[in-house]
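*Asks:* What follows is upload-v4.csv, CSV, C-alpha atoms.
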chain,number,residue,atom,x,y,z
C,19,MET,CA,16.0,24.7,11.8
C,20,SER,CA,15.9,21.0,11.3
C,21,SER,CA,17.3,18.3,13.6
C,22,SER,CA,20.0,16.0,12.4
C,23,PRO,CA,19.4,12.4,11.7
C,24,LEU,CA,20.2,9.8,14.3
C,25,THR,CA,22.7,8.1,12.0
C,26,LEU,CA,24.7,9.0,8.9
C,27,PRO,CA,22.6,9.6,5.8
C,28,GLU,CA,21.9,6.7,3.5
C,29,ALA,CA,24.7,5.9,1.1
C,30,GLY,CA,22.6,4.9,-1.8
C,31,PRO,CA,20.5,2.0,-3.3
C,32,ALA,CA,22.3,-0.6,-1.1
C,33,ALA,CA,21.4,1.2,2.1
C,34,ARG,CA,17.8,1.6,1.0
C,35,ARG,CA,17.6,-2.1,0.1
C,36,ASN,CA,19.0,-3.0,3.5
C,37,ARG,CA,16.4,-0.8,5.2
C,38,ARG,CA,13.6,-2.4,3.2
C,39,ILE,CA,14.9,-5.9,4.2
C,40,LEU,CA,14.8,-4.9,7.9
C,41,GLU,CA,11.3,-3.5,7.5
C,42,ILE,CA,10.1,-6.7,5.9
C,43,LEU,CA,11.7,-8.8,8.6
C,44,GLY,CA,10.3,-6.6,11.3
C,45,ALA,CA,6.8,-6.8,9.8
C,46,ALA,CA,7.1,-10.6,9.4
C,47,ALA,CA,8.1,-11.1,13.0
C,48,ILE,CA,5.0,-9.1,14.2
C,49,ALA,CA,2.7,-10.9,11.7
C,50,GLY,CA,4.2,-14.3,12.6
C,51,THR,CA,3.7,-13.7,16.3
C,52,TYR,CA,0.1,-12.7,15.7
C,53,ILE,CA,-0.6,-15.8,13.6
C,54,TYR,CA,0.9,-18.0,16.4
C,55,LEU,CA,-1.4,-16.4,19.0
C,56,VAL,CA,-4.5,-16.7,16.8
C,57,LEU,CA,-3.8,-20.3,15.9
C,58,ASN,CA,-2.8,-21.5,19.4
C,59,GLN,CA,-5.1,-19.2,21.4
C,60,PRO,CA,-3.0,-19.6,24.6
C,61,ALA,CA,-5.2,-19.2,27.7
C,62,ASP,CA,-2.3,-18.4,29.9
C,63,ILE,CA,-1.1,-15.3,28.1
C,64,ALA,CA,-3.2,-13.0,30.3
C,65,SER,CA,-1.5,-14.3,33.4
C,66,GLY,CA,1.6,-12.2,32.8
C,67,PRO,CA,5.1,-12.4,31.4
C,68,GLY,CA,5.9,-15.6,33.4
C,69,SER,CA,3.9,-17.8,31.0
C,70,ALA,CA,5.5,-19.5,28.0
C,71,SER,CA,3.0,-18.0,25.5
C,72,ALA,CA,3.6,-14.5,26.9
C,73,LEU,CA,7.3,-14.9,26.6
C,74,ILE,CA,7.0,-16.0,23.0
C,75,ALA,CA,4.6,-13.1,22.2
C,76,LEU,CA,6.9,-10.6,23.9
C,77,SER,CA,10.0,-11.9,22.1
C,78,GLY,CA,8.3,-11.9,18.7
C,79,PHE,CA,6.7,-8.5,19.0
C,80,LEU,CA,9.8,-7.0,20.5
C,81,ALA,CA,12.1,-8.4,17.8
C,82,GLY,CA,9.8,-7.0,15.1
C,83,ALA,CA,9.7,-3.6,16.8
C,84,ILE,CA,13.4,-3.4,17.1
C,85,LEU,CA,14.0,-4.4,13.5
C,86,LEU,CA,11.6,-1.6,12.4
C,87,VAL,CA,13.3,0.9,14.6
C,88,ILE,CA,16.8,0.0,13.2
C,89,ALA,CA,15.4,0.3,9.7
C,90,VAL,CA,14.1,3.8,10.2
C,91,LEU,CA,16.9,5.2,12.3
C,92,PRO,CA,18.8,6.8,9.4
C,93,THR,CA,15.7,8.8,8.5
C,94,LEU,CA,14.6,10.0,11.9
C,95,PRO,CA,15.5,13.4,13.3
C,96,THR,CA,16.8,13.5,16.9
C,97,THR,CA,13.5,14.9,18.1
C,98,THR,CA,12.0,11.5,17.5
C,99,VAL,CA,14.0,10.1,20.4
C,100,VAL,CA,12.0,12.4,22.7
C,101,LEU,CA,8.7,12.0,20.8
C,102,ILE,CA,8.5,8.2,20.8
C,103,PRO,CA,8.6,7.8,24.7
C,104,VAL,CA,6.0,10.6,25.0
C,105,ALA,CA,3.8,8.8,22.4
C,106,LEU,CA,4.0,5.6,24.4
C,107,VAL,CA,3.0,7.3,27.6
C,108,LEU,CA,0.2,9.1,25.8
C,109,ASN,CA,-1.2,5.8,24.4
C,110,ILE,CA,-1.1,4.1,27.8
C,111,VAL,CA,-2.6,6.9,29.8
C,112,MET,CA,-5.4,7.5,27.4
C,113,GLY,CA,-6.1,3.8,26.9
C,114,GLN,CA,-6.2,3.1,30.7
C,115,PHE,CA,-8.5,6.0,31.3
C,116,VAL,CA,-10.9,5.6,28.5
C,117,GLY,CA,-11.1,1.9,28.9
C,118,SER,CA,-12.5,2.4,32.4
C,119,THR,CA,-15.3,4.7,31.3
C,120,LEU,CA,-18.7,4.2,29.6
C,121,VAL,CA,-17.3,5.5,26.3
C,122,PRO,CA,-17.2,2.7,23.6
C,123,PHE,CA,-13.9,3.9,22.2
C,124,TYR,CA,-10.2,3.4,23.1
C,125,LEU,CA,-8.2,6.5,22.1
C,126,ASP,CA,-5.0,4.5,22.8
C,127,ALA,CA,-3.4,5.2,19.4
C,128,ILE,CA,-3.0,8.9,19.4
C,129,GLY,CA,0.8,8.7,20.1
C,130,THR,CA,1.2,5.9,17.5
C,131,VAL,CA,-0.6,7.9,14.7
C,132,LEU,CA,1.3,11.1,15.6
C,133,ILE,CA,4.7,9.3,15.1
C,134,ALA,CA,3.4,7.7,11.9
C,135,VAL,CA,2.3,11.0,10.4
C,136,LEU,CA,5.7,12.6,11.2
C,137,ALA,CA,8.1,9.8,10.6
C,138,GLY,CA,6.3,7.2,8.3
C,139,PRO,CA,4.7,3.7,8.3
C,140,ALA,CA,7.7,1.8,9.8
C,141,ALA,CA,8.1,4.2,12.7
C,142,GLY,CA,4.4,4.2,13.3
C,143,ALA,CA,4.3,0.4,13.4
C,144,ALA,CA,7.2,0.2,15.7
C,145,THR,CA,5.6,2.8,18.1
C,146,GLY,CA,2.4,0.8,18.1
C,147,ALA,CA,4.1,-2.5,18.9
C,148,LEU,CA,6.3,-0.9,21.6
C,149,SER,CA,3.3,0.8,23.1
C,150,SER,CA,1.6,-2.6,23.6
C,151,ILE,CA,4.8,-4.2,24.9
C,152,VAL,CA,5.4,-1.5,27.6
C,153,TRP,CA,1.7,-1.3,28.5
C,154,SER,CA,1.6,-5.1,29.0
C,155,PHE,CA,3.9,-4.8,32.0
C,156,PHE,CA,1.0,-3.0,33.7
C,157,ASN,CA,-1.8,-4.8,32.0
C,158,PRO,CA,-0.8,-8.3,30.5
C,159,THR,CA,-3.9,-8.6,28.4
C,160,VAL,CA,-2.7,-5.8,26.1
C,161,LEU,CA,0.3,-7.7,24.8
C,162,PRO,CA,-1.5,-9.8,22.2
C,163,PHE,CA,-2.9,-6.7,20.6
C,164,ALA,CA,0.5,-5.4,19.6
C,165,ALA,CA,0.0,-6.6,16.0
C,166,GLY,CA,-3.2,-4.6,15.7
C,167,ALA,CA,-1.5,-1.5,17.2
C,168,ALA,CA,1.4,-1.9,14.8
C,169,LEU,CA,-1.0,-2.2,11.9
C,170,ILE,CA,-2.7,1.1,12.8
C,171,GLY,CA,0.7,2.8,12.9
C,172,PHE,CA,1.6,1.4,9.5
C,173,LEU,CA,-1.8,2.4,8.0
C,174,ALA,CA,-1.5,5.9,9.5
C,175,GLY,CA,1.9,6.3,7.9
C,176,LEU,CA,0.6,5.2,4.5
C,177,ALA,CA,-2.3,7.6,4.8
C,178,ALA,CA,0.1,10.4,5.6
C,179,ARG,CA,2.4,9.4,2.7
C,180,HIS,CA,-0.5,9.5,0.2
C,181,GLY,CA,-1.8,12.9,1.2
C,182,PHE,CA,-4.7,12.2,3.6
C,183,PHE,CA,-3.4,14.8,6.1
C,184,ARG,CA,-3.0,17.5,3.5
C,185,ARG,CA,-6.8,17.9,3.5
C,186,PHE,CA,-8.2,18.0,7.0
C,187,TYR,CA,-11.5,16.3,6.1
C,188,LEU,CA,-9.7,13.3,4.7
C,189,ALA,CA,-8.0,12.4,8.0
C,190,PRO,CA,-11.1,10.9,9.6
C,191,VAL,CA,-11.9,9.0,6.4
C,192,ALA,CA,-8.4,7.4,6.5
C,193,GLY,CA,-8.9,6.7,10.2
C,194,PHE,CA,-12.3,5.1,9.6
C,195,VAL,CA,-10.9,2.7,7.0
C,196,ALA,CA,-7.9,1.9,9.3
C,197,GLY,CA,-10.3,1.2,12.1
C,198,ILE,CA,-12.2,-1.4,10.0
C,199,LEU,CA,-8.9,-3.3,9.2
C,200,GLY,CA,-7.7,-2.9,12.8
C,201,GLY,CA,-10.9,-4.2,14.2
C,202,VAL,CA,-10.9,-7.3,12.0
C,203,VAL,CA,-7.3,-8.1,13.1
C,204,SER,CA,-8.0,-7.5,16.8
C,205,ALA,CA,-11.3,-9.4,17.0
C,206,PRO,CA,-9.9,-12.9,17.0
C,207,VAL,CA,-7.4,-11.9,19.7
C,208,ALA,CA,-10.0,-10.3,21.9
C,209,ALA,CA,-12.1,-13.5,21.6
C,210,PHE,CA,-9.6,-15.8,23.3
C,211,VAL,CA,-7.9,-13.4,25.6
C,212,PHE,CA,-10.8,-12.1,27.6
C,213,GLY,CA,-14.0,-12.7,25.7
C,214,GLY,CA,-14.2,-9.1,24.4
C,215,THR,CA,-14.9,-7.6,27.8
C,216,SER,CA,-11.7,-5.5,28.2
C,217,GLY,CA,-13.5,-2.2,28.4
C,218,VAL,CA,-16.7,-1.3,30.3
C,219,ALA,CA,-18.6,0.1,27.3
C,220,THR,CA,-17.2,-2.3,24.6
C,221,GLY,CA,-17.8,-5.3,26.9
C,222,ALA,CA,-21.5,-4.2,27.2
C,223,ILE,CA,-21.8,-4.1,23.4
C,224,VAL,CA,-20.4,-7.6,23.1
C,225,SER,CA,-22.8,-8.8,25.8
C,226,ALA,CA,-25.7,-7.3,23.9
C,227,PHE,CA,-24.8,-9.1,20.7
C,228,ARG,CA,-24.2,-12.3,22.6
C,229,ALA,CA,-27.7,-12.0,24.1
C,230,MET,CA,-29.1,-11.7,20.5
C,231,GLY,CA,-27.6,-15.2,19.8
C,232,ASP,CA,-24.3,-14.3,18.1
C,233,THR,CA,-21.2,-16.4,18.7
C,234,LEU,CA,-18.4,-14.9,20.8
C,235,LEU,CA,-16.3,-14.2,17.8
C,236,GLY,CA,-19.2,-12.8,15.8
C,237,ALA,CA,-20.2,-10.5,18.7
C,238,ILE,CA,-16.7,-9.2,19.2
C,239,THR,CA,-16.2,-8.7,15.5
C,240,LYS,CA,-19.5,-6.7,15.3
C,241,GLN,CA,-18.4,-4.6,18.3
C,242,ALA,CA,-15.0,-4.0,16.8
C,243,LEU,CA,-16.6,-2.8,13.5
C,244,ILE,CA,-18.8,-0.4,15.5
C,245,SER,CA,-16.1,0.9,17.9
C,246,ASP,CA,-12.8,0.7,16.0
C,247,PRO,CA,-13.7,2.8,12.9
C,248,MET,CA,-15.2,5.6,14.9
C,249,ASP,CA,-12.3,5.4,17.4
C,250,LYS,CA,-9.7,5.7,14.7
C,251,ALA,CA,-11.6,8.4,12.9
C,252,ILE,CA,-11.5,10.5,16.1
C,253,VAL,CA,-7.8,9.7,16.7
C,254,PHE,CA,-6.8,10.6,13.1
C,255,THR,CA,-8.7,13.9,13.5
C,256,LEU,CA,-7.1,14.7,16.8
C,257,VAL,CA,-3.6,14.0,15.4
C,258,ALA,CA,-4.4,16.2,12.4
C,259,LEU,CA,-5.4,19.1,14.7
C,260,LEU,CA,-2.2,18.5,16.7
C,261,VAL,CA,0.3,18.4,13.8
C,262,TYR,CA,-1.2,21.6,12.3
C,263,ALA,CA,-1.0,23.3,15.7
C,264,LEU,CA,2.7,22.5,16.1
C,265,PRO,CA,5.2,25.1,14.8
C,266,ARG,CA,6.2,24.5,11.2
C,267,ARG,CA,9.9,24.3,12.2
C,268,VAL,CA,9.0,21.3,14.3
C,269,THR,CA,7.0,19.4,11.8
C,270,PHE,CA,9.2,20.3,8.9
C,271,ALA,CA,12.2,18.9,10.8
C,272,PHE,CA,11.0,15.4,9.8
C,273,PRO,CA,12.3,14.3,6.4
C,274,PHE,CA,9.2,12.1,5.9
C,275,VAL,CA,7.0,15.2,6.2
C,276,ARG,CA,9.0,17.2,3.7
C,277,ARG,CA,9.7,14.3,1.2
C,278,HIS,CA,6.1,13.2,0.9
C,279,ARG,CA,4.4,16.6,1.4
C,280,VAL,CA,2.5,15.2,4.3
C,281,LEU,CA,1.0,18.5,5.4
C,282,ALA,CA,-0.5,21.3,3.4
C,283,GLY,CA,2.1,23.8,2.4
C,284,THR,CA,5.0,21.3,2.8
C,285,ARG,CA,7.9,21.8,0.4
C,286,ASP,CA,10.8,19.5,-0.3
C,287,SER,CA,14.1,20.6,0.9
Go ahead and express the file in the form of structure tokens.

*Replies:*
Amino acid sequence: MSSSPLTLPEAGPAARRNRRILEILGAAAIAGTYIYLVLNQPADIASGPGSASALIALSGFLAGAILLVIAVLPTLPTTTVVLIPVALVLNIVMGQFVGSTLVPFYLDAIGTVLIAVLAGPAAGAATGALSSIVWSFFNPTVLPFAAGAALIGFLAGLAARHGFFRRFYLAPVAGFVAGILGGVVSAPVAAFVFGGTSGVATGAIVSAFRAMGDTLLGAITKQALISDPMDKAIVFTLVALLVYALPRRVTFAFPFVRRHRVLAGTRDS
């Protein structure tokens, strides 16, 4: 039995066009905020929401996330209302825990990728951005990484749409590629926010490259290209295991899963 959508079904081409416009505006707000941060490299952003740069980043990322949520509302089953907060908590708890260990990974995108696989790229991007926004109230240094988190959600949704979760062995491949792109996007932010030393293990890798003579940005980029692809390959694999472990009546309740045959054995309805 499927859940009903949160709003009335789309009326036709005009409604789809409006959705696409909202998605583009949301993505532009997130991308524009990211560009502002990279170009200005505000040193005060790590001091909390009281700084001007943090308020600008918070406003830009939040506006983008809200636009994306509004865009996908007509296609989301009511179960997503419960799943998205759970995904946010999962991201934050895993990110805080793993970041304090000697493991050179993050595992802070499991919830984001889960929503993306079930509800699509826009929902995944919104979940990624919202996760960083909520997390930043506990750890202000996370906020500038909202664009990277949104990108991972978007890429996971694209991978699901194009069948990378129909074959279990393709999920880690998609995650590896998404990790490369995510690492490249996050590296400039990590360089000016905290010098690439956010995690115990990842900070040690950056320090090792710095000792070899690399610039800060070069060392952080190399660390990201080591850690991020493996991290996202693991995350995509874990999510694949999770979605196939869920009852079919749960996964098939999502129109995105049925429409794009995201999972093996999915049929349109």

*Asks:* Quick one: which stretch 54-166 of chain C residues come within 10 Å of stretch 207-210 of chain C, and what is the nearest atom pair for each with the distance in Å to one decimal, counting all atoms listed in the file, rows ordered by chain and ascending number, as JSON lines?

*Replies:*
{"residue": "C:Leu55", "atom": "CA", "partner": "C:Val207", "partner_atom": "CA", "distance": 7.5}
{"residue": "C:Val56", "atom": "CA", "partner": "C:Val207", "partner_atom": "CA", "distance": 6.3}
{"residue": "C:Leu57", "atom": "CA", "partner": "C:Val207", "partner_atom": "CA", "distance": 9.9}
{"residue": "C:Asn58", "atom": "CA", "partner": "C:Phe210", "partner_atom": "CA", "distance": 9.7}
{"residue": "C:Gln59", "atom": "CA", "partner": "C:Phe210", "partner_atom": "CA", "distance": 6.0}
{"residue": "C:Pro60", "atom": "CA", "partner": "C:Phe210", "partner_atom": "CA", "distance": 7.7}
{"residue": "C:Ala61", "atom": "CA", "partner": "C:Phe210", "partner_atom": "CA", "distance": 7.1}
{"residue": "C:Ile63", "atom": "CA", "partner": "C:Phe210", "partner_atom": "CA", "distance": 9.8}
{"residue": "C:Ala64", "atom": "CA", "partner": "C:Phe210", "partner_atom": "CA", "distance": 9.9}
{"residue": "C:Thr159", "atom": "CA", "partner": "C:Ala208", "partner_atom": "CA", "distance": 9.1}
{"residue": "C:Val160", "atom": "CA", "partner": "C:Ala208", "partner_atom": "CA", "distance": 9.5}
{"residue": "C:Pro162", "atom": "CA", "partner": "C:Val207", "partner_atom": "CA", "distance": 6.7}
{"residue": "C:Phe163", "atom": "CA", "partner": "C:Val207", "partner_atom": "CA", "distance": 6.9}
{"residue": "C:Ala165", "atom": "CA", "partner": "C:Val207", "partner_atom": "CA", "distance": 9.8}
{"residue": "C:Gly166", "atom": "CA", "partner": "C:Val207", "partner_atom": "CA", "distance": 9.3}

*Asks:* Have a look at C:Pro92, C:Ser204, C:Ala72, C:Gly66 and name the one nearest to C:Gly30; count only C-alpha atoms.

*Replies:*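 Nearest to C:Gly30: C:Pro92.
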
*Asks:* Is it possible to get the residues within 12 Å of (2.2, -13.0, 11.5) (coordinates as in the file, counting only C-alpha atoms) written as a list in words?

*Replies:*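 Residues found, by chain and rising number: Ile42, Leu43, Gly44, Ala45, Ala46, Ala47, Ile48, Ala49, Gly50, Thr51, Tyr52, Ile53, Tyr54, Leu55, Val56, Leu57, Ala75, Gly78, Phe79, Gly82, Pro162, Ala164, Ala165, Gly166, Ala168, Leu169 and Val203 of chain C.
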
*Asks:* What separation in Å, quoted to one decimal, exists between atom CA of C:Gly171 and atom CA of C:Leu256?

*Replies:*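 Taking atom CA of C:Gly171 and atom CA of C:Leu256, their separation equals 14.8 Å.
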
*Asks:* C:Pro206, C:Pro158, C:Gly146, C:Pro139: which is nearest C:Ala177, counting all atoms listed in the file?

*Replies:* C:Pro139

*Asks:* For C:Asp62, which residue among C:Val211, C:Ala89, C:Gly283, C:Gly201 is the nearest when counting all atoms listed in the file?

*Replies:* C:Val211

*Asks:* Can you tell me how far atom CA of C:Ala192 sits from atom CA of C:Ala127, in Å to one decimal?

*Replies:*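 Straight-line distance from atom CA of C:Ala192 to atom CA of C:Ala127 works out to 14.0 Å.
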
*Asks:* Please, what distance in Å, to one decimal, runs between atom CA of C:Ala144 and atom CA of C:Thr269?

*Replies:*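 Computing it gives 19.6 Å between the two atoms.
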
*Asks:* If we count all atoms listed in the file, what is near C:Leu76 at a cut-off of 8 Å, once residues fewer than 6 positions away on the same chain are taken out, given as a PyMOL selection string?

*Replies:* chain C and resi 67+151+161

*Asks:* My list of candidates is C:Ala222, C:Ala229, C:Leu281, C:Ala33. Which is closest to C:Thr119 when distances are computed with only C-alpha atoms?

*Replies:*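 Going through C:Ala222, C:Ala229, C:Leu281, C:Ala33 one by one, the smallest distance to C:Thr119 is for C:Ala222.
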
*Asks:* Could you name the residues that touch stretch 103-107 of chain C at 9 Å or less, counting only C-alpha atoms, but leaving out those on the same chain fewer than 2 positions away, as a PyMOL selection string?

*Replies:* chain C and resi 98-101+109-112+127-133+145-146+148-150+152-153

*Asks:* The selected residues should be written to file as an mmCIF file, in the frame of the given file (atoms: C-alpha atoms).

*Replies:*
data_model
loop_
_atom_site.group_PDB
_atom_site.id
_atom_site.type_symbol
_atom_site.label_atom_id
_atom_site.label_comp_id
_atom_site.auth_asym_id
_atom_site.auth_seq_id
_atom_site.Cartn_x
_atom_site.Cartn_y
_atom_site.Cartn_z
ATOM 1 C CA THR C 98 12.000 11.500 17.500
ATOM 2 C CA VAL C 99 14.000 10.100 20.400
ATOM 3 C CA VAL C 100 12.000 12.400 22.700
ATOM 4 C CA LEU C 101 8.700 12.000 20.800
ATOM 5 C CA ASN C 109 -1.200 5.800 24.400
ATOM 6 C CA ILE C 110 -1.100 4.100 27.800
ATOM 7 C CA VAL C 111 -2.600 6.900 29.800
ATOM 8 C CA MET C 112 -5.400 7.500 27.400
ATOM 9 C CA ALA C 127 -3.400 5.200 19.400
ATOM 10 C CA ILE C 128 -3.000 8.900 19.400
ATOM 11 C CA GLY C 129 0.800 8.700 20.100
ATOM 12 C CA THR C 130 1.200 5.900 17.500
ATOM 13 C CA VAL C 131 -0.600 7.900 14.700
ATOM 14 C CA LEU C 132 1.300 11.100 15.600
ATOM 15 C CA ILE C 133 4.700 9.300 15.100
ATOM 16 C CA THR C 145 5.600 2.800 18.100
ATOM 17 C CA GLY C 146 2.400 0.800 18.100
ATOM 18 C CA LEU C 148 6.300 -0.900 21.600
ATOM 19 C CA SER C 149 3.300 0.800 23.100
ATOM 20 C CA SER C 150 1.600 -2.600 23.600
ATOM 21 C CA VAL C 152 5.400 -1.500 27.600
ATOM 22 C CA TRP C 153 1.700 -1.300 28.500
#

*Asks:* Calculated over all atoms listed in the file, which of the candidates C:Gly221, C:Pro190, C:Gly117, C:Gly231 has the smallest distance to C:Thr255?

*Replies:*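 Ranked by minimum distance to C:Thr255, first place goes to C:Pro190.
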
*Asks:* Just write stretch 138-157 of chain C with N, CA and C atoms, as a compact mmCIF listing (two decimals), in the first residue's frame, taken from the block above.

*Replies:*
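Result written to decode.txt:
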# COMPACT_ATOMS: atom_id res chain seq x y z
N GLY C 138 14.84 10.95 -5.18
CA GLY C 138 15.40 11.67 -6.31
C GLY C 138 16.45 12.71 -5.99
N PRO C 139 17.08 13.27 -7.03
CA PRO C 139 18.20 14.20 -6.86
C PRO C 139 17.87 15.45 -6.06
N ALA C 140 16.73 16.09 -6.34
CA ALA C 140 16.39 17.33 -5.63
C ALA C 140 16.17 17.07 -4.15
N ALA C 141 15.46 15.98 -3.82
CA ALA C 141 15.24 15.64 -2.42
C ALA C 141 16.56 15.31 -1.73
N GLY C 142 17.46 14.61 -2.45
CA GLY C 142 18.76 14.29 -1.89
C GLY C 142 19.59 15.53 -1.64
N ALA C 143 19.58 16.46 -2.60
CA ALA C 143 20.33 17.71 -2.43
C ALA C 143 19.79 18.52 -1.26
N ALA C 144 18.46 18.60 -1.15
CA ALA C 144 17.86 19.34 -0.03
C ALA C 144 18.23 18.71 1.30
N THR C 145 18.22 17.38 1.38
CA THR C 145 18.57 16.69 2.62
C THR C 145 20.03 16.94 2.99
N GLY C 146 20.92 16.90 2.00
CA GLY C 146 22.32 17.16 2.27
C GLY C 146 22.55 18.56 2.81
N ALA C 147 21.94 19.56 2.17
CA ALA C 147 22.10 20.93 2.63
C ALA C 147 21.49 21.13 4.02
N LEU C 148 20.29 20.62 4.23
CA LEU C 148 19.64 20.76 5.53
C LEU C 148 20.43 20.07 6.63
N SER C 149 21.05 18.96 6.31
CA SER C 149 21.86 18.24 7.28
C SER C 149 23.01 19.11 7.77
N SER C 150 23.71 19.75 6.85
CA SER C 150 24.81 20.63 7.23
C SER C 150 24.32 21.84 8.02
N ILE C 151 23.16 22.36 7.64
CA ILE C 151 22.61 23.52 8.34
C ILE C 151 22.29 23.18 9.79
N VAL C 152 21.58 22.06 9.99
CA VAL C 152 21.22 21.65 11.36
C VAL C 152 22.47 21.32 12.16
N TRP C 153 23.38 20.60 11.56
CA TRP C 153 24.62 20.20 12.23
C TRP C 153 25.44 21.41 12.64
N SER C 154 25.38 22.49 11.85
CA SER C 154 26.19 23.68 12.13
C SER C 154 25.82 24.35 13.44
N PHE C 155 24.63 24.10 13.96
CA PHE C 155 24.25 24.68 15.25
C PHE C 155 25.00 24.00 16.40
N PHE C 156 25.53 22.81 16.13
CA PHE C 156 26.36 22.10 17.12
C PHE C 156 27.84 22.24 16.78
N ASN C 157 28.13 22.34 15.48
CA ASN C 157 29.51 22.42 15.01
C ASN C 157 29.55 23.42 13.86
